[in-house]
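Undergrad: This is entry-v4.tsv, which holds TSV, C-alpha atoms:
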```
chain	number	residue	atom	x	y	z
A	8	MET	CA	6.99	-27.25	-19.02
A	9	GLU	CA	3.23	-27.47	-18.53
A	10	GLU	CA	3.76	-29.39	-15.31
A	11	SER	CA	6.14	-26.77	-13.86
A	12	ILE	CA	3.74	-23.96	-14.80
A	13	SER	CA	0.92	-25.88	-13.15
A	14	GLU	CA	2.91	-26.27	-9.95
A	15	GLU	CA	3.82	-22.57	-9.91
A	16	PHE	CA	0.18	-21.66	-10.49
A	17	LYS	CA	-0.92	-23.91	-7.64
A	18	SER	CA	1.60	-22.17	-5.43
A	19	PHE	CA	0.22	-18.80	-6.56
A	20	LEU	CA	-3.34	-19.79	-5.64
A	21	ASP	CA	-2.11	-20.63	-2.16
A	22	SER	CA	0.38	-17.80	-1.58
A	23	GLY	CA	-0.74	-14.97	-3.86
A	24	ILE	CA	2.77	-14.75	-5.37
A	25	TYR	CA	3.70	-15.94	-8.89
A	26	ARG	CA	7.45	-15.84	-9.55
A	27	LEU	CA	8.32	-15.76	-13.24
A	28	ASP	CA	11.01	-18.28	-14.10
A	29	GLY	CA	14.52	-16.96	-14.57
A	30	SER	CA	13.70	-13.33	-13.80
A	31	LYS	CA	13.34	-10.82	-10.99
A	32	VAL	CA	9.65	-10.37	-11.79
A	33	VAL	CA	6.76	-11.39	-9.56
A	34	PHE	CA	3.02	-11.05	-10.00
A	35	VAL	CA	1.05	-10.70	-6.79
A	36	ASP	CA	-2.60	-10.85	-5.83
A	37	PRO	CA	-2.90	-8.46	-2.85
A	38	VAL	CA	-6.20	-10.03	-1.79
A	39	ARG	CA	-4.60	-13.43	-1.26
A	40	LEU	CA	-1.67	-11.83	0.57
A	41	LEU	CA	-3.99	-9.87	2.87
A	42	ASN	CA	-6.18	-12.89	3.57
A	43	ASP	CA	-3.25	-14.57	5.31
A	44	SER	CA	-4.22	-12.28	8.20
A	45	TYR	CA	-7.75	-13.64	8.53
A	46	SER	CA	-9.56	-16.90	9.25
A	47	ARG	CA	-13.21	-15.97	9.88
A	48	PHE	CA	-13.36	-13.17	7.36
A	49	GLY	CA	-11.80	-12.49	4.00
A	50	VAL	CA	-11.01	-9.37	2.02
A	51	SER	CA	-13.54	-9.15	-0.78
A	52	PRO	CA	-11.88	-9.18	-4.24
A	53	SER	CA	-14.66	-7.08	-5.77
A	54	ALA	CA	-14.27	-4.51	-2.96
A	55	TYR	CA	-10.47	-4.41	-3.26
A	56	TYR	CA	-10.48	-4.24	-7.06
A	57	SER	CA	-13.24	-1.62	-7.22
A	58	ARG	CA	-11.15	0.79	-9.25
A	59	SER	CA	-12.54	1.57	-12.68
A	60	PHE	CA	-10.06	1.53	-15.55
A	61	GLN	CA	-12.57	2.99	-18.01
A	62	SER	CA	-12.91	6.42	-16.38
A	63	THR	CA	-10.23	7.99	-18.56
A	64	ASP	CA	-12.06	7.01	-21.74
A	65	ARG	CA	-15.41	8.24	-20.42
A	66	GLU	CA	-13.92	11.51	-19.26
A	67	ARG	CA	-12.38	12.01	-22.70
A	68	VAL	CA	-15.77	11.46	-24.39
A	69	GLU	CA	-17.46	13.88	-21.98
A	70	GLU	CA	-14.79	16.49	-22.64
A	71	GLU	CA	-15.29	16.12	-26.40
A	72	ASP	CA	-19.09	16.39	-26.04
A	73	ASN	CA	-18.83	19.48	-23.87
A	74	ALA	CA	-16.04	21.15	-25.84
A	75	PRO	CA	-17.03	24.55	-27.25
A	76	SER	CA	-17.14	24.92	-31.00
A	77	ILE	CA	-14.40	26.80	-32.83
A	78	SER	CA	-16.86	29.55	-33.71
A	79	LYS	CA	-17.65	30.17	-30.01
A	80	LYS	CA	-14.15	29.93	-28.63
A	81	LYS	CA	-10.85	30.55	-30.30
A	82	ARG	CA	-8.70	27.42	-30.55
A	83	LYS	CA	-5.64	27.57	-28.31
A	84	ARG	CA	-2.29	27.58	-30.01
A	85	LYS	CA	-0.16	24.54	-29.48
A	86	LYS	CA	2.82	25.17	-27.26
A	87	ARG	CA	6.16	24.88	-28.93
A	88	PRO	CA	8.38	22.14	-27.55
A	89	ARG	CA	11.02	23.52	-25.24
A	90	ASP	CA	14.40	22.23	-24.16
A	91	LEU	CA	14.47	20.14	-20.98
A	92	ASN	CA	16.21	21.57	-17.94
A	93	GLU	CA	18.83	19.54	-16.07
A	94	ARG	CA	16.36	18.01	-13.62
A	95	GLU	CA	14.02	17.01	-16.43
A	96	LYS	CA	16.90	15.49	-18.37
A	97	SER	CA	17.87	13.46	-15.31
A	98	ALA	CA	14.27	12.32	-14.87
A	99	GLU	CA	14.03	11.30	-18.53
A	100	LYS	CA	17.27	9.33	-18.26
A	101	ARG	CA	15.96	7.41	-15.23
A	102	HIS	CA	12.68	6.79	-17.03
A	103	GLN	CA	14.36	5.38	-20.13
A	104	GLU	CA	16.40	3.01	-17.97
A	105	ALA	CA	13.25	1.90	-16.16
A	106	LYS	CA	11.23	1.69	-19.38
A	107	SER	CA	13.47	-0.95	-20.95
A	108	LEU	CA	13.33	-3.08	-17.80
A	109	LEU	CA	9.57	-2.69	-17.33
A	110	LEU	CA	8.73	-3.52	-20.95
A	111	LYS	CA	10.78	-6.69	-20.66
A	112	ALA	CA	9.05	-7.58	-17.38
A	113	HIS	CA	5.61	-6.93	-18.89
A	114	ARG	CA	6.35	-9.12	-21.92
A	115	ALA	CA	7.45	-11.96	-19.64
A	116	PHE	CA	4.26	-11.53	-17.64
A	117	LEU	CA	2.06	-11.65	-20.76
A	118	GLU	CA	3.72	-14.88	-21.87
A	119	VAL	CA	2.35	-16.79	-18.85
A	120	ALA	CA	-0.84	-17.91	-20.57
A	121	GLY	CA	-2.39	-19.66	-17.58
A	122	LEU	CA	-2.02	-16.55	-15.45
A	123	GLN	CA	-3.49	-14.28	-18.14
A	124	ALA	CA	-6.58	-16.44	-18.41
A	125	PHE	CA	-7.06	-16.20	-14.64
A	126	LEU	CA	-6.67	-12.42	-14.23
A	127	SER	CA	-10.30	-11.45	-14.79
A	128	LYS	CA	-11.38	-13.98	-12.16
A	129	LEU	CA	-9.25	-12.24	-9.52
A	130	VAL	CA	-11.42	-9.14	-9.49
A	131	LYS	CA	-14.81	-10.85	-9.30
A	132	CYS	CA	-16.64	-12.02	-6.20
A	133	GLU	CA	-20.35	-12.73	-6.47
A	134	GLU	CA	-20.71	-13.25	-2.73
A	135	PHE	CA	-19.87	-9.66	-1.81
A	136	THR	CA	-22.74	-7.23	-1.28
A	137	HIS	CA	-22.97	-3.92	0.54
A	138	ASP	CA	-26.18	-2.12	1.39
A	139	GLY	CA	-24.53	1.31	1.38
A	140	GLU	CA	-26.52	2.54	4.39
A	141	THR	CA	-23.49	3.96	6.21
A	142	GLU	CA	-20.83	6.26	4.84
A	143	GLU	CA	-17.14	5.64	5.30
A	144	LYS	CA	-15.67	7.56	8.20
A	145	ASN	CA	-13.20	10.31	7.46
A	146	PHE	CA	-10.71	9.62	10.23
A	147	ILE	CA	-8.41	12.45	9.13
A	148	GLU	CA	-11.19	14.95	9.66
A	149	LEU	CA	-12.39	13.31	12.89
A	150	GLY	CA	-8.86	13.27	14.31
A	151	SER	CA	-8.49	17.03	13.79
A	152	HIS	CA	-11.81	17.80	15.52
A	153	TRP	CA	-11.82	19.23	19.03
A	154	GLN	CA	-13.87	16.21	20.14
A	155	ALA	CA	-11.19	13.71	18.98
A	156	PRO	CA	-9.99	12.89	22.54
A	157	LEU	CA	-13.57	11.93	23.42
A	158	TYR	CA	-14.10	9.44	20.59
A	159	GLU	CA	-14.10	5.79	21.70
A	160	ILE	CA	-14.05	2.47	19.90
A	161	ALA	CA	-15.54	-0.76	21.25
A	162	LEU	CA	-13.60	-4.01	20.81
A	163	CYS	CA	-15.78	-7.11	20.92
A	164	PHE	CA	-13.68	-10.13	21.85
A	165	PRO	CA	-15.11	-13.51	20.80
A	166	LYS	CA	-15.50	-16.53	22.98
A	167	SER	CA	-14.18	-19.88	21.84
A	168	HIS	CA	-16.02	-20.84	18.68
A	169	GLU	CA	-15.63	-24.56	19.21
A	170	GLY	CA	-19.06	-26.13	18.99
A	171	GLU	CA	-20.74	-22.81	18.19
A	172	ASP	CA	-23.06	-22.47	15.20
A	173	SER	CA	-21.90	-18.96	14.44
A	174	TRP	CA	-18.95	-16.87	15.55
A	175	LEU	CA	-20.62	-13.57	14.75
A	176	GLY	CA	-22.31	-12.01	17.71
A	177	ASN	CA	-20.78	-14.39	20.29
A	178	HIS	CA	-18.52	-12.17	22.37
A	179	VAL	CA	-17.08	-12.72	25.83
A	180	GLY	CA	-16.20	-9.11	26.39
A	181	ARG	CA	-16.71	-5.61	25.13
A	182	THR	CA	-13.83	-3.26	25.84
A	183	VAL	CA	-14.22	0.46	25.17
A	184	VAL	CA	-11.02	2.48	24.66
A	185	PRO	CA	-10.05	5.91	23.27
A	186	LEU	CA	-9.75	5.79	19.48
A	187	PHE	CA	-7.15	8.51	18.90
A	188	ASN	CA	-3.67	8.90	20.41
A	189	ASN	CA	-3.88	5.46	21.96
A	190	LEU	CA	-2.20	2.13	21.19
A	191	ILE	CA	-5.00	-0.34	20.48
A	192	SER	CA	-4.11	-4.04	20.33
A	193	ASN	CA	-5.75	-7.31	19.46
A	194	GLU	CA	-3.51	-9.76	21.28
A	195	THR	CA	-5.61	-12.80	20.36
A	196	ASN	CA	-4.92	-15.06	17.37
A	197	ASP	CA	-8.42	-14.48	16.00
A	198	GLU	CA	-10.12	-11.54	14.35
A	199	VAL	CA	-11.89	-9.04	16.58
A	200	GLU	CA	-14.86	-6.95	15.56
A	201	ALA	CA	-14.80	-3.29	16.57
A	202	GLU	CA	-17.57	-0.72	16.57
A	203	PHE	CA	-17.29	3.01	16.13
A	204	ASN	CA	-20.08	5.44	15.37
A	205	ASN	CA	-22.43	2.82	13.87
A	206	SER	CA	-19.72	1.28	11.70
A	207	GLN	CA	-18.00	-2.10	12.14
A	208	TYR	CA	-14.32	-2.82	11.64
A	209	ILE	CA	-12.36	-6.07	11.44
A	210	LEU	CA	-9.06	-6.22	13.36
A	211	PRO	CA	-6.74	-9.11	12.43
A	212	GLY	CA	-5.15	-11.24	15.13
A	213	ARG	CA	-1.96	-10.09	16.88
A	214	SER	CA	-2.22	-6.62	15.38
A	215	CYS	CA	-2.07	-3.17	16.91
A	216	PHE	CA	-2.48	0.37	15.68
A	217	TYR	CA	-1.93	3.93	16.85
A	218	MET	CA	-4.13	6.52	15.16
A	219	SER	CA	-2.78	10.05	15.43
A	220	ASP	CA	-1.23	12.89	13.49
A	221	LEU	CA	2.51	13.37	13.05
A	222	ARG	CA	2.92	15.09	16.40
A	223	GLN	CA	2.26	11.87	18.34
A	224	ILE	CA	4.41	9.39	16.40
A	225	ARG	CA	7.30	9.53	18.86
A	226	ASN	CA	5.09	7.69	21.34
A	227	LEU	CA	5.85	4.56	19.30
A	228	ILE	CA	9.61	4.67	19.90
A	229	PRO	CA	10.52	1.57	21.96
A	230	ALA	CA	12.00	2.02	25.41
A	231	LYS	CA	15.08	-0.01	24.40
A	232	SER	CA	16.80	-0.13	21.01
A	233	ASP	CA	16.82	-3.94	21.05
A	234	GLN	CA	13.00	-3.81	21.10
A	235	GLY	CA	12.79	-1.92	17.82
A	236	PHE	CA	11.36	-2.99	14.48
A	237	ASN	CA	13.11	-5.19	11.92
A	238	LEU	CA	10.95	-4.07	8.97
A	239	ILE	CA	9.66	-0.52	8.53
A	240	VAL	CA	7.32	0.10	5.57
A	241	ILE	CA	6.58	3.75	4.80
A	242	ASP	CA	4.01	5.09	2.34
A	243	PRO	CA	4.16	8.88	2.82
A	244	PRO	CA	1.48	11.27	1.57
A	245	TRP	CA	3.95	13.01	-0.75
A	246	GLU	CA	3.18	16.48	-1.98
A	247	ASN	CA	1.37	16.43	-5.30
A	248	GLY	CA	0.18	19.21	-7.57
A	249	SER	CA	-2.95	17.31	-8.63
A	250	VAL	CA	-6.10	18.93	-7.25
A	251	ARG	CA	-7.97	15.66	-7.70
A	252	GLN	CA	-5.37	13.76	-5.71
A	253	LYS	CA	-5.39	16.33	-2.90
A	254	ALA	CA	-9.14	15.87	-2.63
A	255	VAL	CA	-8.61	12.14	-1.91
A	256	PHE	CA	-6.24	12.64	1.01
A	257	PRO	CA	-4.16	15.49	2.42
A	258	THR	CA	-0.45	15.64	1.63
A	259	LEU	CA	2.52	16.88	3.65
A	260	PRO	CA	5.52	19.03	2.65
A	261	ASN	CA	8.64	16.91	2.10
A	262	ARG	CA	10.52	18.53	4.99
A	263	TYR	CA	8.04	17.04	7.47
A	264	PHE	CA	9.31	13.54	6.70
A	265	LEU	CA	12.79	14.46	7.88
A	266	TYR	CA	11.43	14.40	11.43
A	267	LEU	CA	9.98	10.90	11.29
A	268	PRO	CA	11.82	8.91	14.02
A	269	VAL	CA	12.67	6.09	11.62
A	270	LYS	CA	16.16	5.59	13.03
A	271	GLU	CA	14.77	5.43	16.60
A	272	LEU	CA	12.13	2.90	15.54
A	273	ALA	CA	14.72	0.59	13.96
A	274	HIS	CA	16.05	-2.44	15.82
A	275	ALA	CA	19.60	-2.06	17.10
A	276	GLU	CA	20.61	-5.24	15.26
A	277	GLY	CA	19.39	-3.95	11.91
A	278	ALA	CA	16.20	-3.00	10.11
A	279	LEU	CA	15.00	-3.12	6.50
A	280	VAL	CA	13.27	0.08	5.36
A	281	ALA	CA	10.83	-0.03	2.42
A	282	LEU	CA	9.80	3.38	1.08
A	283	TRP	CA	7.08	3.86	-1.54
A	284	MET	CA	7.80	6.77	-3.84
A	285	THR	CA	6.33	8.37	-6.95
A	286	ASN	CA	8.54	8.94	-9.99
A	287	ARG	CA	9.05	12.70	-9.60
A	288	GLU	CA	12.73	13.60	-10.00
A	289	LYS	CA	12.59	16.36	-7.38
A	290	LEU	CA	11.31	13.83	-4.87
A	291	ARG	CA	13.93	11.24	-5.81
A	292	MET	CA	16.73	13.77	-5.25
A	293	PHE	CA	15.24	14.76	-1.87
A	294	VAL	CA	15.15	11.14	-0.74
A	295	GLU	CA	18.70	10.38	-1.87
A	296	LYS	CA	20.37	13.57	-0.63
A	297	ASP	CA	18.35	14.46	2.47
A	298	LEU	CA	15.79	11.91	3.67
A	299	PHE	CA	17.73	8.64	3.71
A	300	PRO	CA	20.84	10.26	5.25
A	301	ALA	CA	18.62	11.76	7.99
A	302	TRP	CA	17.11	8.33	8.68
A	303	GLY	CA	20.47	6.55	8.52
A	304	VAL	CA	19.43	4.36	5.56
A	305	SER	CA	22.22	2.82	3.45
A	306	ASN	CA	22.70	0.08	0.82
A	307	VAL	CA	19.71	1.32	-1.16
A	308	THR	CA	18.08	-0.89	-3.78
A	309	ILE	CA	15.57	0.24	-6.43
A	310	CYS	CA	12.49	-1.85	-7.20
A	311	TYR	CA	9.41	-1.10	-9.28
A	312	TRP	CA	5.68	-1.61	-8.91
A	313	LEU	CA	4.14	-2.04	-12.38
A	314	LYS	CA	0.35	-1.67	-12.55
A	315	VAL	CA	-1.77	-3.66	-14.98
A	316	LYS	CA	-5.47	-3.94	-15.85
A	317	PRO	CA	-7.51	-7.15	-15.47
A	318	ASP	CA	-6.82	-7.86	-19.16
A	319	GLY	CA	-3.05	-7.78	-18.53
A	320	SER	CA	-2.38	-4.48	-20.31
A	321	LEU	CA	-0.69	-1.55	-18.56
A	322	ILE	CA	-3.02	0.94	-16.88
A	323	GLY	CA	-1.45	3.73	-18.92
A	324	GLU	CA	1.25	4.51	-21.44
A	325	LEU	CA	4.78	4.24	-20.10
A	326	ASP	CA	5.78	7.60	-21.58
A	327	LEU	CA	2.95	9.65	-20.08
A	328	PHE	CA	4.82	12.24	-18.04
A	329	HIS	CA	2.44	12.69	-15.10
A	330	HIS	CA	0.57	9.38	-15.08
A	331	ARG	CA	3.11	6.64	-15.66
A	332	PRO	CA	1.92	3.13	-14.78
A	333	TYR	CA	4.67	2.43	-12.27
A	334	GLU	CA	6.02	3.62	-8.93
A	335	TYR	CA	9.33	3.19	-7.15
A	336	LEU	CA	9.94	1.06	-4.07
A	337	LEU	CA	13.25	1.91	-2.42
A	338	LEU	CA	14.76	-0.63	-0.03
A	339	GLY	CA	17.62	0.07	2.36
A	340	TYR	CA	19.01	-0.87	5.75
A	341	ILE	CA	19.50	0.89	9.07
A	342	ASN	CA	22.21	-0.28	11.50
A	343	MET	CA	23.55	-2.56	8.78
A	344	GLU	CA	26.89	-2.88	10.58
A	345	ASN	CA	25.07	-4.77	13.36
A	346	ILE	CA	23.23	-7.24	11.14
A	347	ASN	CA	24.01	-10.89	11.80
A	348	SER	CA	24.59	-12.41	8.35
A	349	GLU	CA	23.85	-15.88	9.70
A	350	CYS	CA	20.31	-14.80	10.60
A	351	THR	CA	19.81	-12.88	7.35
A	352	PRO	CA	21.71	-14.63	4.52
A	353	ALA	CA	19.87	-12.65	1.82
A	354	VAL	CA	20.67	-9.21	3.21
A	355	ASN	CA	22.35	-8.09	-0.02
A	356	LEU	CA	19.44	-7.11	-2.26
A	357	GLU	CA	19.73	-6.74	-6.01
A	358	ASP	CA	18.38	-3.87	-8.11
A	359	ALA	CA	15.63	-4.05	-10.69
A	360	HIS	CA	13.06	-6.33	-9.08
A	361	VAL	CA	9.60	-5.74	-10.55
A	362	ILE	CA	6.33	-6.32	-8.70
A	363	ILE	CA	3.31	-6.56	-11.00
A	364	SER	CA	-0.27	-6.35	-9.76
A	365	ILE	CA	-3.73	-5.04	-10.53
A	366	PRO	CA	-4.03	-1.90	-8.38
A	367	GLY	CA	-6.83	-1.32	-5.92
A	368	VAL	CA	-8.36	2.05	-5.17
A	369	HIS	CA	-6.14	5.11	-5.14
A	370	SER	CA	-2.83	4.75	-3.29
A	371	ARG	CA	-3.49	1.26	-1.90
A	372	LYS	CA	-0.17	-0.55	-2.20
A	373	PRO	CA	0.34	-4.35	-2.37
A	374	PRO	CA	1.41	-5.91	0.96
A	375	LEU	CA	5.19	-6.39	1.22
A	376	GLY	CA	5.74	-8.63	4.24
A	377	LYS	CA	5.84	-11.97	2.46
A	378	LEU	CA	7.79	-10.61	-0.52
A	379	LEU	CA	10.53	-9.17	1.69
A	380	TRP	CA	10.59	-11.89	4.34
A	381	ASP	CA	13.96	-13.39	3.39
A	382	HIS	CA	15.65	-9.98	3.48
A	383	ILE	CA	14.46	-8.84	6.93
A	384	PRO	CA	17.31	-8.86	9.45
A	385	GLY	CA	16.97	-10.27	12.93
A	386	THR	CA	15.89	-13.44	14.65
A	387	LYS	CA	12.43	-14.70	13.69
A	388	PRO	CA	9.72	-13.82	14.52
A	389	VAL	CA	10.60	-10.28	13.47
A	390	LYS	CA	8.77	-7.09	14.41
A	391	CYS	CA	7.18	-5.11	11.58
A	392	ILE	CA	5.58	-1.67	11.41
A	393	GLU	CA	3.94	0.40	8.68
A	394	LEU	CA	3.91	4.20	8.84
A	395	PHE	CA	1.04	6.12	7.22
A	396	ALA	CA	-0.86	2.83	7.15
A	397	ARG	CA	-4.41	2.61	5.84
A	398	GLU	CA	-4.99	-1.04	6.74
A	399	LEU	CA	-3.85	-3.57	9.34
A	400	VAL	CA	-1.86	-6.80	8.99
A	401	ALA	CA	-1.71	-9.71	11.44
A	402	GLY	CA	1.39	-9.53	13.60
A	403	TRP	CA	2.17	-5.92	12.60
A	404	SER	CA	2.05	-2.53	14.28
A	405	CYS	CA	0.51	0.27	12.22
A	406	TRP	CA	0.57	4.04	12.63
A	407	GLY	CA	-1.16	6.82	10.72
A	408	ASN	CA	-4.15	9.12	10.78
A	409	GLU	CA	-6.43	6.50	9.15
A	410	PRO	CA	-5.13	2.94	9.78
A	411	LEU	CA	-8.73	1.67	9.96
A	412	HIS	CA	-9.68	2.98	6.52
A	413	PHE	CA	-9.68	-0.41	4.77
A	414	GLN	CA	-10.71	-2.32	7.92
A	415	ASP	CA	-14.30	-1.22	7.44
A	416	SER	CA	-16.48	-4.33	7.29
A	417	ARG	CA	-17.74	-3.26	3.86
A	418	TYR	CA	-14.39	-4.46	2.45
A	419	PHE	CA	-14.82	-7.94	3.94
A	420	MET	CA	-17.03	-10.98	3.64
A	421	GLU	CA	-17.56	-13.80	6.08
A	422	ARG	CA	-15.84	-16.96	4.93
A	423	GLN	CA	-17.91	-20.05	4.31
A	424	GLU	CA	-17.33	-23.06	6.54
A	425	ARG	CA	-15.46	-25.78	4.67
```
Just give me the structure as structure tokens.
TA:
Amino acid sequence: MEESISEEFKSFLDSGIYRLDGSKVVFVDPVRLLNDSYSRFGVSPSAYYSRSFQSTDRERVEEEDNAPSISKKKRKRKKRPRDLNEREKSAEKRHQEAKSLLLKAHRAFLEVAGLQAFLSKLVKCEEFTHDGETEEKNFIELGSHWQAPLYEIALCFPKSHEGEDSWLGNHVGRTVVPLFNNLISNETNDEVEAEFNNSQYILPGRSCFYMSDLRQIRNLIPAKSDQGFNLIVIDPPWENGSVRQKAVFPTLPNRYFLYLPVKELAHAEGALVALWMTNREKLRMFVEKDLFPAWGVSNVTICYWLKVKPDGSLIGELDLFHHRPYEYLLLGYINMENINSECTPAVNLEDAHVIISIPGVHSRKPPLGKLLWDHIPGTKPVKCIELFARELVAGWSCWGNEPLHFQDSRYFMERQER
């Protein structure tokens, strides 16, 4: 038993994926998954895992310290419990079904002693430092400015690093191109440094991105349907009533997503669609009844992303109504009737897979490419795209109004020569 665990753990250190024996549960380290896209640089663990899990406790203490005394302010009456409406009953039923599955998955995860002992080491990286001299760019704001068509980004292509003492600073060419409403590609196999407005960005090899608002997305539709994408990952900025969340990034009304050209982006011989979704019942009904039919998505499978702290505990209570420690990942296929089963033997997905990870900063999802690889239809190498992307992946196309957000060099460190 110890030997098999050791082999699985060795595989995890190499791949970033730990598959729990005899279950549909996997633990992933997003940093290791992302670092498959880089050779000269690496995503900094301490930068990725910069989210504080103690803020809730501190905020509670501050609220108690600042709370007015009973003599100054009349205590509010507790609201009487009310009966749930039909939508709320449906949501509670879904939650109870998910709760049983997620508790079982979490228990199985906690039983892997070797993995638990290693968790705290995932989030630490003594080599990462940042001077904080430059602020992160707000690409959403910049893209809406009247000067947006004038903004340019410089791509610095490296010369061969064979025999060179240092790769940094050795460039054979500097190409300046429009930043917005323009397809920008790194067609080399190596990382490329880019410069915009006194900030540096790292572009992985064989990647491309198109930074624009929703009005320009149709420019990505391929000229021919057999040149479409085999995997389409979508992380929409769903509407949310939280003022704090709206301050982090703007959201869009649900009806806007009906006009995403997902069906036109899909390969004629089949595409796997992966949609990230919060656990609001209203949203779930919209996706099932309106969105997926509009996109032509069928054979839908439900998966879960369960979020844990560095000590292995859940980031919140499962029964908290507005802040549950899990999100949905819906998987489905477009043009399934054209899928060649010989090329994609694992096309029939099963429900109830659980992905466990320590979350990064707000709304940063774990990479899915390697996890879904066996289920992507089409002849390899397949074409992949992420919509509403906030970071780039080697070999992928990315679209959104801030795909360079996590490509800022502050999130990276230069790898040491081995």
Undergrad: Residues near stretch 272-281 of chain A, anyone? I mean within 7 Å using only C-alpha atoms, not counting same-chain ones fewer than 3 positions away, as a PDB file with C-alpha atoms, in the frame of the given file.
TA:
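New file around.pdb:
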```pdb
ATOM      1  CA  ILE A 228       9.610   4.670  19.900  1.00  0.00           C
ATOM      2  CA  PRO A 229      10.520   1.570  21.960  1.00  0.00           C
ATOM      3  CA  SER A 232      16.800  -0.130  21.010  1.00  0.00           C
ATOM      4  CA  ASP A 233      16.820  -3.940  21.050  1.00  0.00           C
ATOM      5  CA  GLN A 234      13.000  -3.810  21.100  1.00  0.00           C
ATOM      6  CA  GLY A 235      12.790  -1.920  17.820  1.00  0.00           C
ATOM      7  CA  PHE A 236      11.360  -2.990  14.480  1.00  0.00           C
ATOM      8  CA  ASN A 237      13.110  -5.190  11.920  1.00  0.00           C
ATOM      9  CA  LEU A 238      10.950  -4.070   8.970  1.00  0.00           C
ATOM     10  CA  ILE A 239       9.660  -0.520   8.530  1.00  0.00           C
ATOM     11  CA  VAL A 240       7.320   0.100   5.570  1.00  0.00           C
ATOM     12  CA  ILE A 241       6.580   3.750   4.800  1.00  0.00           C
ATOM     13  CA  PRO A 268      11.820   8.910  14.020  1.00  0.00           C
ATOM     14  CA  VAL A 269      12.670   6.090  11.620  1.00  0.00           C
ATOM     15  CA  LEU A 336       9.940   1.060  -4.070  1.00  0.00           C
ATOM     16  CA  LEU A 337      13.250   1.910  -2.420  1.00  0.00           C
ATOM     17  CA  LEU A 338      14.760  -0.630  -0.030  1.00  0.00           C
ATOM     18  CA  GLY A 339      17.620   0.070   2.360  1.00  0.00           C
ATOM     19  CA  TYR A 340      19.010  -0.870   5.750  1.00  0.00           C
ATOM     20  CA  ILE A 341      19.500   0.890   9.070  1.00  0.00           C
ATOM     21  CA  ASN A 342      22.210  -0.280  11.500  1.00  0.00           C
ATOM     22  CA  MET A 343      23.550  -2.560   8.780  1.00  0.00           C
ATOM     23  CA  ASN A 345      25.070  -4.770  13.360  1.00  0.00           C
ATOM     24  CA  ILE A 346      23.230  -7.240  11.140  1.00  0.00           C
ATOM     25  CA  ILE A 383      14.460  -8.840   6.930  1.00  0.00           C
ATOM     26  CA  PRO A 384      17.310  -8.860   9.450  1.00  0.00           C
ATOM     27  CA  GLY A 385      16.970 -10.270  12.930  1.00  0.00           C
TER      28      GLY A 385
END
```
Undergrad: Let me make sure I understand: among A:Glu148, A:Asp36, A:Glu324, A:Glu246, which one has the smallest atom-to-atom distance to A:Ser127 if we use all atoms listed in the file?
TA: A:Asp36
Undergrad: With distances taken over only C-alpha atoms, which of A:Val400, A:Ala301, A:Val307, A:Val130 is nearest to A:Ser53?
TA: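 Among the listed residues, the smallest separation from A:Ser53 belongs to A:Val130.
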Undergrad: Which residues are near A:Leu122? Cut-off 10 Å, only C-alpha atoms, ignore same chain within fewer than 2 positions. Put them as number ranges by chain.
TA: A: 12, 16, 19, 25, 34, 116-120, 124-127, 319
Undergrad: So, counting only C-alpha atoms, which residue among A:Leu290, A:His102, A:Arg94, A:Leu411 is closest to A:Ala201?
TA: A:Leu411
Undergrad: Quick one: distance from atom CA of A:Lys131 to atom CA of A:Pro52 in Å, one decimal?
TA: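 Atom CA of A:Pro52 lies at a distance of 6.1 Å from atom CA of A:Lys131.
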Undergrad: Around stretch 314-320 of chain A, with edges along x, y and z and 3 Å added on all six sides, what centre and edge lengths do you get, in Å to one decimal, as JSON?
TA:
```
{"center_x": -3.6, "center_y": -4.8, "center_z": -16.4, "size_x": 13.9, "size_y": 12.2, "size_z": 13.8}
```
Undergrad: One decimal, Å: what's the distance from atom CA of A:Phe395 over to atom CA of A:Ser44, could you say?
TA: 19.2 Å
Undergrad: Taking (-4.7, -21.0, -3.6) in the file's coordinates as the center, which residues reach within 12 Å of it, counting all atoms listed in the file, put as a ChimeraX atom specification?
TA: /A:14-25,36,38-40,42-43,129
Undergrad: One number please: atom CA of A:Glu194 to atom CA of A:Leu162, in Å, one decimal.
TA: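 Separation of atom CA of A:Glu194 and atom CA of A:Leu162: 11.6 Å.
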Undergrad: I need the residue nearest A:Gly402 from this list: A:Leu313, A:Leu325, A:Met292, A:Leu210. Use all atoms listed in the file for the distance.
TA: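 Of A:Leu313, A:Leu325, A:Met292, A:Leu210, the one nearest A:Gly402, counting all atoms listed in the file, is A:Leu210.
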Undergrad: Go through A:Arg26, A:Arg222, A:Arg114, A:Lys31 one by one, measure the shortest atom-to-atom distance of each to A:Ser320 using only C-alpha atoms, and give the residue with the smallest value.
TA: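 Ranking A:Arg26, A:Arg222, A:Arg114, A:Lys31 by distance to A:Ser320, first place goes to A:Arg114.
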Undergrad: Just checking: using all atoms listed in the file, which residue out of A:Gln414, A:Asn347, A:Ser192, A:Asn145 ends up closest to A:Cys215?
TA: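 Among A:Gln414, A:Asn347, A:Ser192, A:Asn145, it is A:Ser192 that comes nearest to A:Cys215.
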Undergrad: Can you tell me, as a list in words, which residues sit within 6 Å of (9.1, 6.6, 4.0) in the file's frame, using only C-alpha atoms?
TA: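 So the residues meeting the distance criterion are Ile241, Asp242, Pro243 and Leu282 of chain A.
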Undergrad: Output C-alpha atoms for every residue in the selection just made, as a compact mmCIF listing (two decimals), in the frame of the given file.
TA:
```txt
# COMPACT_ATOMS: atom_id res chain seq x y z
CA ILE A 241 6.58 3.75 4.80
CA ASP A 242 4.01 5.09 2.34
CA PRO A 243 4.16 8.88 2.82
CA LEU A 282 9.80 3.38 1.08
```
